[in-house]
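To be precise, the following lines are upload15.pdb, and they hold PDB, C-alpha atoms and all ligand atoms.
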ATOM      1  CA  MET A   1    -106.393-172.752   3.621
ATOM      2  CA  PRO A   2    -102.755-171.781   2.982
ATOM      3  CA  LYS A   3    -101.912-171.355  -0.674
ATOM      4  CA  THR A   4     -99.476-173.732  -2.347
ATOM      5  CA  ALA A   5     -96.727-173.160  -4.894
ATOM      6  CA  LEU A   6     -94.347-175.317  -6.915
ATOM      7  CA  VAL A   7     -91.047-173.740  -7.979
ATOM      8  CA  THR A   8     -88.540-175.474 -10.266
ATOM      9  CA  GLY A   9     -84.910-174.408 -10.045
ATOM     10  CA  ALA A  10     -85.508-173.456  -6.416
ATOM     11  CA  SER A  11     -82.016-174.313  -5.150
ATOM     12  CA  THR A  12     -80.358-171.027  -6.133
ATOM     13  CA  GLY A  13     -80.560-167.832  -8.204
ATOM     14  CA  ILE A  14     -83.858-166.358  -9.361
ATOM     15  CA  GLY A  15     -85.824-169.439  -8.247
ATOM     16  CA  ARG A  16     -84.537-169.177  -4.701
ATOM     17  CA  GLU A  17     -85.470-165.478  -4.559
ATOM     18  CA  LEU A  18     -88.954-166.254  -5.897
ATOM     19  CA  CYS A  19     -89.328-168.822  -3.110
ATOM     20  CA  LYS A  20     -88.492-166.159  -0.528
ATOM     21  CA  LEU A  21     -91.259-163.915  -1.855
ATOM     22  CA  LEU A  22     -93.745-166.791  -1.727
ATOM     23  CA  ALA A  23     -92.591-167.599   1.815
ATOM     24  CA  ARG A  24     -93.176-164.018   2.977
ATOM     25  CA  ASP A  25     -96.746-164.395   1.690
ATOM     26  CA  GLY A  26     -97.175-167.574   3.744
ATOM     27  CA  TYR A  27     -97.285-170.109   0.890
ATOM     28  CA  GLU A  28     -96.671-173.810   1.340
ATOM     29  CA  ILE A  29     -93.875-174.338  -1.150
ATOM     30  CA  PHE A  30     -92.681-177.397  -3.079
ATOM     31  CA  LEU A  31     -89.058-176.840  -4.090
ATOM     32  CA  ALA A  32     -87.664-178.749  -7.059
ATOM     33  CA  ALA A  33     -84.105-178.997  -8.454
ATOM     34  CA  ARG A  34     -81.379-181.661  -8.562
ATOM     35  CA  ASP A  35     -79.322-180.714  -5.515
ATOM     36  CA  ALA A  36     -81.193-182.075  -2.480
ATOM     37  CA  GLY A  37     -78.743-180.570   0.038
ATOM     38  CA  ARG A  38     -79.106-177.041  -1.301
ATOM     39  CA  LEU A  39     -82.881-177.426  -1.533
ATOM     40  CA  ALA A  40     -82.975-178.449   2.137
ATOM     41  CA  GLU A  41     -80.992-175.314   3.063
ATOM     42  CA  VAL A  42     -83.409-173.102   1.105
ATOM     43  CA  ALA A  43     -86.394-174.875   2.672
ATOM     44  CA  ALA A  44     -85.034-174.235   6.176
ATOM     45  CA  GLU A  45     -84.532-170.552   5.341
ATOM     46  CA  LEU A  46     -88.076-170.277   3.936
ATOM     47  CA  LEU A  47     -89.580-171.612   7.162
ATOM     48  CA  THR A  48     -87.825-168.863   9.118
ATOM     49  CA  ILE A  49     -89.341-166.127   6.952
ATOM     50  CA  GLY A  50     -92.966-167.219   6.938
ATOM     51  CA  ALA A  51     -93.498-170.197   4.617
ATOM     52  CA  GLY A  52     -96.476-172.318   5.704
ATOM     53  CA  ALA A  53     -94.430-175.381   4.742
ATOM     54  CA  ALA A  54     -91.415-176.108   2.548
ATOM     55  CA  ARG A  55     -91.085-179.527   0.912
ATOM     56  CA  VAL A  56     -88.056-180.596  -1.074
ATOM     57  CA  ILE A  57     -88.418-182.618  -4.288
ATOM     58  CA  PRO A  58     -85.025-183.586  -5.758
ATOM     59  CA  VAL A  59     -85.514-184.186  -9.475
ATOM     60  CA  ASP A  60     -83.490-184.035 -12.680
ATOM     61  CA  LEU A  61     -85.598-182.241 -15.273
ATOM     62  CA  ALA A  62     -83.168-183.266 -18.019
ATOM     63  CA  ARG A  63     -84.537-186.793 -17.610
ATOM     64  CA  LYS A  64     -87.570-187.672 -19.681
ATOM     65  CA  ASP A  65     -89.402-188.965 -16.613
ATOM     66  CA  GLY A  66     -88.470-185.886 -14.504
ATOM     67  CA  PRO A  67     -91.726-183.894 -14.841
ATOM     68  CA  ALA A  68     -93.946-186.947 -14.192
ATOM     69  CA  GLN A  69     -91.827-187.818 -11.130
ATOM     70  CA  LEU A  70     -92.192-184.266  -9.888
ATOM     71  CA  ALA A  71     -95.950-184.176 -10.450
ATOM     72  CA  ALA A  72     -96.304-187.521  -8.623
ATOM     73  CA  ALA A  73     -94.395-186.110  -5.630
ATOM     74  CA  LEU A  74     -97.124-183.488  -5.216
ATOM     75  CA  SER A  75     -99.456-186.349  -4.120
ATOM     76  CA  GLY A  76    -102.522-184.867  -5.759
ATOM     77  CA  THR A  77    -101.944-181.235  -4.778
ATOM     78  CA  VAL A  78    -102.648-178.874  -7.642
ATOM     79  CA  PRO A  79    -100.639-175.825  -6.619
ATOM     80  CA  ASP A  80    -102.145-172.343  -6.698
ATOM     81  CA  VAL A  81     -98.889-171.157  -8.254
ATOM     82  CA  LEU A  82     -96.590-172.979 -10.686
ATOM     83  CA  ILE A  83     -93.235-171.336 -11.381
ATOM     84  CA  ASN A  84     -91.295-172.935 -14.238
ATOM     85  CA  ASN A  85     -87.894-171.422 -13.595
ATOM     86  CA  ALA A  86     -85.298-174.223 -13.946
ATOM     87  CA  GLY A  87     -83.050-173.696 -16.930
ATOM     88  CA  PHE A  88     -79.492-173.404 -18.157
ATOM     89  CA  GLY A  89     -77.483-172.139 -21.121
ATOM     90  CA  LEU A  90     -74.296-173.118 -22.899
ATOM     91  CA  LEU A  91     -71.877-170.841 -24.715
ATOM     92  CA  GLY A  92     -70.395-171.914 -28.051
ATOM     93  CA  ASP A  93     -71.173-172.445 -31.706
ATOM     94  CA  PHE A  94     -73.717-175.184 -32.264
ATOM     95  CA  SER A  95     -71.399-177.153 -34.605
ATOM     96  CA  ALA A  96     -68.660-177.259 -31.977
ATOM     97  CA  GLY A  97     -70.969-177.960 -29.042
ATOM     98  CA  ASP A  98     -71.742-180.978 -26.967
ATOM     99  CA  LEU A  99     -74.892-182.308 -28.680
ATOM    100  CA  PRO A 100     -76.176-184.371 -25.720
ATOM    101  CA  ARG A 101     -75.927-181.272 -23.457
ATOM    102  CA  GLN A 102     -77.739-179.175 -26.086
ATOM    103  CA  LEU A 103     -80.513-181.783 -26.166
ATOM    104  CA  ASP A 104     -80.625-181.805 -22.358
ATOM    105  CA  MET A 105     -81.109-178.045 -22.537
ATOM    106  CA  ILE A 106     -84.150-178.461 -24.746
ATOM    107  CA  GLN A 107     -85.456-181.081 -22.314
ATOM    108  CA  VAL A 108     -85.024-178.832 -19.238
ATOM    109  CA  ASN A 109     -85.852-175.408 -20.712
ATOM    110  CA  VAL A 110     -88.683-176.488 -23.024
ATOM    111  CA  THR A 111     -89.976-180.056 -22.785
ATOM    112  CA  SER A 112     -90.123-180.259 -18.986
ATOM    113  CA  LEU A 113     -91.740-176.829 -18.784
ATOM    114  CA  VAL A 114     -94.390-177.852 -21.297
ATOM    115  CA  GLU A 115     -94.986-181.227 -19.649
ATOM    116  CA  LEU A 116     -95.306-179.816 -16.138
ATOM    117  CA  THR A 117     -97.665-177.138 -17.397
ATOM    118  CA  GLY A 118     -99.671-179.764 -19.284
ATOM    119  CA  LEU A 119     -99.909-181.943 -16.175
ATOM    120  CA  LEU A 120    -101.168-179.127 -13.894
ATOM    121  CA  LEU A 121    -102.985-176.582 -16.055
ATOM    122  CA  PRO A 122    -106.113-178.658 -16.805
ATOM    123  CA  ALA A 123    -106.850-178.995 -13.063
ATOM    124  CA  MET A 124    -106.277-175.253 -12.580
ATOM    125  CA  VAL A 125    -108.732-174.553 -15.394
ATOM    126  CA  ALA A 126    -111.236-177.012 -13.914
ATOM    127  CA  ARG A 127    -111.235-175.154 -10.591
ATOM    128  CA  SER A 128    -111.015-171.724 -12.357
ATOM    129  CA  SER A 129    -107.948-170.531 -10.491
ATOM    130  CA  GLY A 130    -104.202-170.643 -10.773
ATOM    131  CA  ARG A 131    -101.147-168.640 -11.666
ATOM    132  CA  ILE A 132     -98.250-169.802 -13.819
ATOM    133  CA  LEU A 133     -94.959-167.944 -14.141
ATOM    134  CA  ASN A 134     -92.579-169.119 -16.859
ATOM    135  CA  VAL A 135     -89.051-167.744 -16.774
ATOM    136  CA  ALA A 136     -88.085-166.847 -20.329
ATOM    137  CA  SER A 137     -85.382-164.237 -21.102
ATOM    138  CA  THR A 138     -84.511-161.190 -23.150
ATOM    139  CA  ALA A 139     -82.936-163.948 -25.293
ATOM    140  CA  SER A 140     -86.508-164.809 -26.294
ATOM    141  CA  PHE A 141     -86.667-161.823 -28.649
ATOM    142  CA  GLN A 142     -83.865-162.588 -31.127
ATOM    143  CA  PRO A 143     -81.720-165.404 -32.494
ATOM    144  CA  GLY A 144     -78.562-166.114 -30.482
ATOM    145  CA  PRO A 145     -75.501-166.983 -32.565
ATOM    146  CA  GLY A 146     -72.963-168.432 -30.136
ATOM    147  CA  MET A 147     -75.815-169.746 -27.951
ATOM    148  CA  ALA A 148     -78.230-170.872 -30.636
ATOM    149  CA  ILE A 149     -80.139-173.509 -28.711
ATOM    150  CA  TYR A 150     -80.489-171.462 -25.513
ATOM    151  CA  TYR A 151     -82.007-168.503 -27.375
ATOM    152  CA  ALA A 152     -84.294-170.798 -29.344
ATOM    153  CA  THR A 153     -85.525-172.471 -26.145
ATOM    154  CA  LYS A 154     -86.355-169.085 -24.633
ATOM    155  CA  ALA A 155     -88.142-167.953 -27.824
ATOM    156  CA  PHE A 156     -90.247-171.097 -27.449
ATOM    157  CA  VAL A 157     -91.025-170.330 -23.797
ATOM    158  CA  LEU A 158     -92.190-166.810 -24.630
ATOM    159  CA  SER A 159     -94.313-167.894 -27.608
ATOM    160  CA  PHE A 160     -95.877-170.790 -25.678
ATOM    161  CA  THR A 161     -96.575-168.606 -22.652
ATOM    162  CA  GLU A 162     -98.258-165.832 -24.615
ATOM    163  CA  ALA A 163    -100.384-168.345 -26.514
ATOM    164  CA  ILE A 164    -101.677-170.217 -23.471
ATOM    165  CA  ALA A 165    -102.134-166.942 -21.576
ATOM    166  CA  GLU A 166    -104.615-165.911 -24.247
ATOM    167  CA  GLU A 167    -106.316-169.325 -24.292
ATOM    168  CA  ASN A 168    -106.872-169.117 -20.523
ATOM    169  CA  ARG A 169    -107.612-165.391 -20.180
ATOM    170  CA  ARG A 170    -111.248-165.968 -19.298
ATOM    171  CA  LYS A 171    -110.736-169.216 -17.379
ATOM    172  CA  GLY A 172    -109.390-167.858 -14.103
ATOM    173  CA  VAL A 173    -105.802-168.885 -14.804
ATOM    174  CA  SER A 174    -103.085-166.344 -15.555
ATOM    175  CA  VAL A 175     -99.879-167.208 -17.379
ATOM    176  CA  THR A 176     -96.916-164.817 -17.228
ATOM    177  CA  ALA A 177     -93.564-164.792 -19.017
ATOM    178  CA  LEU A 178     -90.742-163.171 -17.052
ATOM    179  CA  CYS A 179     -87.909-162.016 -19.318
ATOM    180  CA  PRO A 180     -84.771-161.161 -17.356
ATOM    181  CA  GLY A 181     -81.687-159.710 -19.001
ATOM    182  CA  PRO A 182     -78.227-160.489 -17.578
ATOM    183  CA  THR A 183     -78.728-161.340 -13.898
ATOM    184  CA  ASP A 184     -76.186-162.103 -11.199
ATOM    185  CA  THR A 185     -76.676-165.824 -10.527
ATOM    186  CA  GLU A 186     -74.770-169.060 -11.159
ATOM    187  CA  PHE A 187     -76.203-169.118 -14.699
ATOM    188  CA  GLN A 188     -73.266-167.363 -16.400
ATOM    189  CA  GLY A 189     -70.623-169.520 -14.695
ATOM    190  CA  ARG A 190     -72.477-172.711 -15.558
ATOM    191  CA  ALA A 191     -72.934-171.532 -19.161
ATOM    192  CA  GLY A 192     -69.233-170.623 -19.530
ATOM    193  CA  MET A 193     -70.099-166.964 -20.138
ATOM    194  CA  LEU A 194     -68.157-165.139 -17.419
ATOM    195  CA  GLU A 195     -65.646-163.659 -19.873
ATOM    196  CA  THR A 196     -68.167-162.561 -22.503
ATOM    197  CA  PRO A 197     -69.101-158.864 -22.953
ATOM    198  CA  LEU A 198     -72.634-159.811 -21.850
ATOM    199  CA  PHE A 199     -71.458-160.516 -18.312
ATOM    200  CA  SER A 200     -68.131-158.710 -18.031
ATOM    201  CA  GLY A 201     -69.407-155.173 -17.747
ATOM    202  CA  ALA A 202     -70.846-154.115 -21.136
ATOM    203  CA  LEU A 203     -74.416-154.391 -19.872
ATOM    204  CA  LYS A 204     -76.086-153.690 -16.543
ATOM    205  CA  ILE A 205     -76.409-156.848 -14.486
ATOM    206  CA  MET A 206     -79.431-157.015 -12.209
ATOM    207  CA  SER A 207     -79.595-158.898  -8.923
ATOM    208  CA  ALA A 208     -81.642-162.095  -8.671
ATOM    209  CA  ALA A 209     -83.724-160.474  -5.902
ATOM    210  CA  GLU A 210     -84.649-157.495  -8.134
ATOM    211  CA  VAL A 211     -85.609-159.761 -11.018
ATOM    212  CA  ALA A 212     -87.648-162.098  -8.816
ATOM    213  CA  GLU A 213     -89.568-159.199  -7.294
ATOM    214  CA  ILE A 214     -90.496-157.882 -10.753
ATOM    215  CA  GLY A 215     -91.613-161.317 -11.934
ATOM    216  CA  TYR A 216     -93.539-162.053  -8.756
ATOM    217  CA  ARG A 217     -95.465-158.783  -8.932
ATOM    218  CA  ALA A 218     -96.212-159.302 -12.633
ATOM    219  CA  MET A 219     -97.510-162.813 -11.901
ATOM    220  CA  LEU A 220     -99.770-161.608  -9.091
ATOM    221  CA  ALA A 221    -101.061-158.836 -11.360
ATOM    222  CA  GLY A 222    -101.835-161.423 -14.060
ATOM    223  CA  LYS A 223     -99.580-159.712 -16.629
ATOM    224  CA  VAL A 224     -98.704-161.775 -19.694
ATOM    225  CA  LEU A 225     -95.236-160.332 -20.294
ATOM    226  CA  SER A 226     -92.742-158.778 -17.925
ATOM    227  CA  ILE A 227     -89.310-157.670 -19.138
ATOM    228  CA  ALA A 228     -87.161-157.030 -16.061
ATOM    229  CA  GLY A 229     -85.677-153.534 -15.829
ATOM    230  CA  LEU A 230     -86.024-150.327 -17.851
ATOM    231  CA  ARG A 231     -82.818-150.834 -19.839
ATOM    232  CA  ASN A 232     -83.905-154.287 -20.923
ATOM    233  CA  ARG A 233     -87.371-153.003 -21.865
ATOM    234  CA  LEU A 234     -85.851-150.218 -23.974
ATOM    235  CA  GLY A 235     -83.395-152.675 -25.506
ATOM    236  CA  MET A 236     -86.191-154.995 -26.599
ATOM    237  CA  GLU A 237     -88.068-152.028 -28.163
ATOM    238  CA  GLY A 238     -84.906-151.084 -30.062
ATOM    239  CA  LEU A 239     -84.611-154.618 -31.410
ATOM    240  CA  ARG A 240     -87.885-154.242 -33.258
ATOM    241  CA  LEU A 241     -86.469-151.364 -35.311
ATOM    242  CA  ALA A 242     -83.024-152.799 -36.037
ATOM    243  CA  PRO A 243     -82.384-154.903 -39.174
ATOM    244  CA  ARG A 244     -82.198-158.586 -38.222
ATOM    245  CA  SER A 245     -78.788-158.962 -39.890
ATOM    246  CA  TRP A 246     -77.380-156.312 -37.489
ATOM    247  CA  VAL A 247     -79.038-157.953 -34.524
ATOM    248  CA  ARG A 248     -77.494-161.343 -35.355
ATOM    249  CA  ARG A 249     -74.014-159.806 -35.633
ATOM    250  CA  ILE A 250     -74.305-157.786 -32.445
ATOM    251  CA  VAL A 251     -75.546-160.773 -30.457
ATOM    252  CA  TYR A 252     -72.718-162.958 -31.794
ATOM    253  CA  GLY A 253     -70.274-160.228 -30.695
ATOM    254  CA  LEU A 254     -71.723-160.276 -27.189
ATOM    255  CA  HIS A 255     -71.009-164.000 -26.987
ATOM    256  CA  ARG A 256     -67.324-163.791 -27.930
ATOM    257  CA  ALA A 257     -65.134-164.486 -24.938
TER     258      ALA A 257
HETATM  259  N1  LIG B   1     -79.011-165.307 -14.970
HETATM  260  C1  LIG B   1     -79.347-164.753 -16.100
HETATM  261  O1  LIG B   1     -78.619-163.881 -16.633
HETATM  262  C2  LIG B   1     -80.650-165.121 -16.768
HETATM  263  C3  LIG B   1     -81.134-164.261 -17.771
HETATM  264  C4  LIG B   1     -82.338-164.586 -18.396
HETATM  265  C5  LIG B   1     -83.024-165.737 -18.033
HETATM  266  N2  LIG B   1     -82.525-166.559 -17.071
HETATM  267  C6  LIG B   1     -83.283-167.768 -16.740
HETATM  268  O2  LIG B   1     -83.616-167.741 -15.368
HETATM  269  C7  LIG B   1     -83.864-169.072 -14.912
HETATM  270  C8  LIG B   1     -83.159-169.279 -13.591
HETATM  271  O3  LIG B   1     -81.759-169.209 -13.823
HETATM  272  P1  LIG B   1     -80.739-168.503 -12.814
HETATM  273  O4  LIG B   1     -80.192-167.320 -13.498
HETATM  274  O5  LIG B   1     -81.325-168.363 -11.477
HETATM  275  O6  LIG B   1     -79.583-169.608 -12.855
HETATM  276  P2  LIG B   1     -78.954-170.560 -11.743
HETATM  277  O7  LIG B   1     -78.491-169.754 -10.581
HETATM  278  O8  LIG B   1     -77.947-171.394 -12.480
HETATM  279  O9  LIG B   1     -80.196-171.474 -11.282
HETATM  280  C9  LIG B   1     -80.741-172.447 -12.156
HETATM  281  C10 LIG B   1     -81.678-173.353 -11.365
HETATM  282  O10 LIG B   1     -82.179-174.366 -12.260
HETATM  283  C11 LIG B   1     -81.923-175.650 -11.675
HETATM  284  N3  LIG B   1     -81.662-176.649 -12.704
HETATM  285  C12 LIG B   1     -80.718-176.602 -13.689
HETATM  286  N4  LIG B   1     -80.712-177.749 -14.378
HETATM  287  C13 LIG B   1     -81.665-178.546 -13.831
HETATM  288  C14 LIG B   1     -82.110-179.867 -14.081
HETATM  289  N5  LIG B   1     -81.553-180.646 -15.026
HETATM  290  N6  LIG B   1     -83.126-180.374 -13.324
HETATM  291  C15 LIG B   1     -83.687-179.623 -12.337
HETATM  292  N7  LIG B   1     -83.294-178.373 -12.046
HETATM  293  C16 LIG B   1     -82.282-177.847 -12.774
HETATM  294  C17 LIG B   1     -80.708-175.444 -10.782
HETATM  295  O11 LIG B   1     -80.677-176.376  -9.707
HETATM  296  P3  LIG B   1     -79.732-177.686  -9.587
HETATM  297  O12 LIG B   1     -78.422-177.375 -10.195
HETATM  298  O13 LIG B   1     -79.723-177.967  -8.118
HETATM  299  O14 LIG B   1     -80.485-178.743 -10.343
HETATM  300  C18 LIG B   1     -80.986-174.054 -10.218
HETATM  301  O15 LIG B   1     -81.852-174.148  -9.111
HETATM  302  C19 LIG B   1     -83.384-169.986 -16.039
HETATM  303  O16 LIG B   1     -84.499-170.470 -16.768
HETATM  304  C20 LIG B   1     -82.534-169.077 -16.919
HETATM  305  O17 LIG B   1     -82.515-169.495 -18.251
HETATM  306  C21 LIG B   1     -81.344-166.270 -16.430
END
Could you write out this file's structure as structure tokens?
Amino acid sequence: MPKTALVTGASTGIGRELCKLLARDGYEIFLAARDAGRLAEVAAELLTIGAGAARVIPVDLARKDGPAQLAAALSGTVPDVLINNAGFGLLGDFSAGDLPRQLDMIQVNVTSLVELTGLLLPAMVARSSGRILNVASTASFQPGPGMAIYYATKAFVLSFTEAIAEENRRKGVSVTALCPGPTDTEFQGRAGMLETPLFSGALKIMSAAEVAEIGYRAMLAGKVLSIAGLRNRLGMEGLRLAPRSWVRRIVYGLHRA
């Protein structure tokens, strides 16, 4: 039986690269995101590189009924692999921000991820097999002045992932948090961050393919935490030693356009 996978945020960026890795391993892949046209293009590409099947599920995960709609579109399939990758950020002080968009961010980055996991994990546990990969961030490790909600959502994803990884350690289901640092995708443009020091040359920017490969391998190995790239790993170690007041100021500086 071919293995099955569900990937959210499959239309571009890290999600698209993760789909390619699944395709090369022959998976039947369900691709979810809002843009049906782009998903269809990715699906066609996946079939040429080895995917057993590629099915497109257009869905808006900012909508409260998004995760249930997505789960229903699986028609009873409990995938072998669930990759919760869809997400977005927004640059700007919280007080000056667009509150509905900030709340949408919580819905996409946190609530949908939790709901989708909650809808599929019990069946994975019941059959004693499954792998879940949640895309968190190096933002998960500190507060993010200038992007307060985004950083808080990613802290949630990391905490949630580690907790359920431990709960399911002996139940045949692995849960992995992938923490990329700055990565070359559409994320920074959509978040309004192109002119910030974070993305304009101060830090090394990894490719989406590199990041996906690291996350994919970590998921298959059943690792709980994978920080993408040596520099990011060293950076996160350094954070533990630095006073939190310094960290807050430095992060705010990185978000100034
Ligand atoms: N790039 C970075 O520097 C970086 C660093 C750390 C973590 N991350 C995380 O990596 C993950 C993937 O991001 P990326 O860098 O690959 O960014 P990206 O190129 O902007 O891709 C984001 C994906 O999420 C989907 N998405 C966004 N809003 C959605 C919604 N409301 N409903 C359904 N799907 C939605 C997008 O598809 P549609 O627009 O078609 O819906 C797209 O497929 C995110 O969770 C992000 O937070 C990124």
Residues matched by the PyMOL selection byres (((chain A and resi 85-102) around 9) and not hetatm), written as a PyMOL selection string: chain A and resi 7-10+14-15+32-33+61+83-84+103-110+113+133-136+145-151+187-188+190-193+255-256
Selected residues written out, C-alpha atoms, as a PDB file, keeping the file's coordinate frame:
ATOM      1  CA  VAL A   7     -91.047-173.740  -7.979  1.00  0.00           C
ATOM      2  CA  THR A   8     -88.540-175.474 -10.266  1.00  0.00           C
ATOM      3  CA  GLY A   9     -84.910-174.408 -10.045  1.00  0.00           C
ATOM      4  CA  ALA A  10     -85.508-173.456  -6.416  1.00  0.00           C
ATOM      5  CA  ILE A  14     -83.858-166.358  -9.361  1.00  0.00           C
ATOM      6  CA  GLY A  15     -85.824-169.439  -8.247  1.00  0.00           C
ATOM      7  CA  ALA A  32     -87.664-178.749  -7.059  1.00  0.00           C
ATOM      8  CA  ALA A  33     -84.105-178.997  -8.454  1.00  0.00           C
ATOM      9  CA  LEU A  61     -85.598-182.241 -15.273  1.00  0.00           C
ATOM     10  CA  ILE A  83     -93.235-171.336 -11.381  1.00  0.00           C
ATOM     11  CA  ASN A  84     -91.295-172.935 -14.238  1.00  0.00           C
ATOM     12  CA  LEU A 103     -80.513-181.783 -26.166  1.00  0.00           C
ATOM     13  CA  ASP A 104     -80.625-181.805 -22.358  1.00  0.00           C
ATOM     14  CA  MET A 105     -81.109-178.045 -22.537  1.00  0.00           C
ATOM     15  CA  ILE A 106     -84.150-178.461 -24.746  1.00  0.00           C
ATOM     16  CA  GLN A 107     -85.456-181.081 -22.314  1.00  0.00           C
ATOM     17  CA  VAL A 108     -85.024-178.832 -19.238  1.00  0.00           C
ATOM     18  CA  ASN A 109     -85.852-175.408 -20.712  1.00  0.00           C
ATOM     19  CA  VAL A 110     -88.683-176.488 -23.024  1.00  0.00           C
ATOM     20  CA  LEU A 113     -91.740-176.829 -18.784  1.00  0.00           C
ATOM     21  CA  LEU A 133     -94.959-167.944 -14.141  1.00  0.00           C
ATOM     22  CA  ASN A 134     -92.579-169.119 -16.859  1.00  0.00           C
ATOM     23  CA  VAL A 135     -89.051-167.744 -16.774  1.00  0.00           C
ATOM     24  CA  ALA A 136     -88.085-166.847 -20.329  1.00  0.00           C
ATOM     25  CA  PRO A 145     -75.501-166.983 -32.565  1.00  0.00           C
ATOM     26  CA  GLY A 146     -72.963-168.432 -30.136  1.00  0.00           C
ATOM     27  CA  MET A 147     -75.815-169.746 -27.951  1.00  0.00           C
ATOM     28  CA  ALA A 148     -78.230-170.872 -30.636  1.00  0.00           C
ATOM     29  CA  ILE A 149     -80.139-173.509 -28.711  1.00  0.00           C
ATOM     30  CA  TYR A 150     -80.489-171.462 -25.513  1.00  0.00           C
ATOM     31  CA  TYR A 151     -82.007-168.503 -27.375  1.00  0.00           C
ATOM     32  CA  PHE A 187     -76.203-169.118 -14.699  1.00  0.00           C
ATOM     33  CA  GLN A 188     -73.266-167.363 -16.400  1.00  0.00           C
ATOM     34  CA  ARG A 190     -72.477-172.711 -15.558  1.00  0.00           C
ATOM     35  CA  ALA A 191     -72.934-171.532 -19.161  1.00  0.00           C
ATOM     36  CA  GLY A 192     -69.233-170.623 -19.530  1.00  0.00           C
ATOM     37  CA  MET A 193     -70.099-166.964 -20.138  1.00  0.00           C
ATOM     38  CA  HIS A 255     -71.009-164.000 -26.987  1.00  0.00           C
ATOM     39  CA  ARG A 256     -67.324-163.791 -27.930  1.00  0.00           C
TER      40      ARG A 256
END
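Between CA of Thr153 (chain A) and atom N2 of ligand LIG 1 (chain B) the separation is 11.2 Å.
Those residues returned by the PyMOL selection byres (((chain A and resi 57) around 8) and not hetatm) for this file are Phe30, Leu31, Ala32, Ala33, Ala36, Arg55, Val56, Pro58, Val59, Leu70 and Ala73 of chain A.
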Which centre and which edge lengths, in Å to one decimal, describe the axis-aligned box that holds all listed atoms of ligand LIG 1 (chain B) after 3 Å is added on each side, as JSON?
{"center_x": -81.2, "center_y": -172.3, "center_z": -13.3, "size_x": 12.6, "size_y": 22.8, "size_z": 16.3}
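The space between CA of Arg16 (chain A) and atom O7 of ligand LIG 1 (chain B) spans 8.5 Å.
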Selection near region 216-218 of chain A, 8 Å with all atoms listed in the file, sequence-local residues under 4 positions removed, as a ChimeraX atom specification: /A:18,21,176,212,222-226
Given all atoms listed in the file as the counted atoms, nearest of A:Ser159, A:Thr111, A:Ser200, A:Gln142 to Arg240 (chain A): A:Gln142
Near-region 42-51 of chain A list (7 Å; all atoms listed in the file; drop same-chain fewer than 3 positions) as a ChimeraX atom specification: /A:11,20,23-24,26-28,38-39,54-55
Picked residues, the PyMOL selection byres (((chain A and resi 172) around 9) and not hetatm), as a VMD selection string: chain A and resid 124 to 125 127 to 131 168 to 171 173 to 174
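Distance check against ligand LIG 1 (chain B) using all atoms listed in the file: of A:Ser75, A:Gln69, A:Thr117, A:Thr138, the minimum falls on A:Thr138.
Compared by their closest atoms to Ala257 (chain A), and using only C-alpha atoms, the residues A:Ser245, A:Thr196, A:Thr185, A:Thr161 rank with A:Thr196 nearest.
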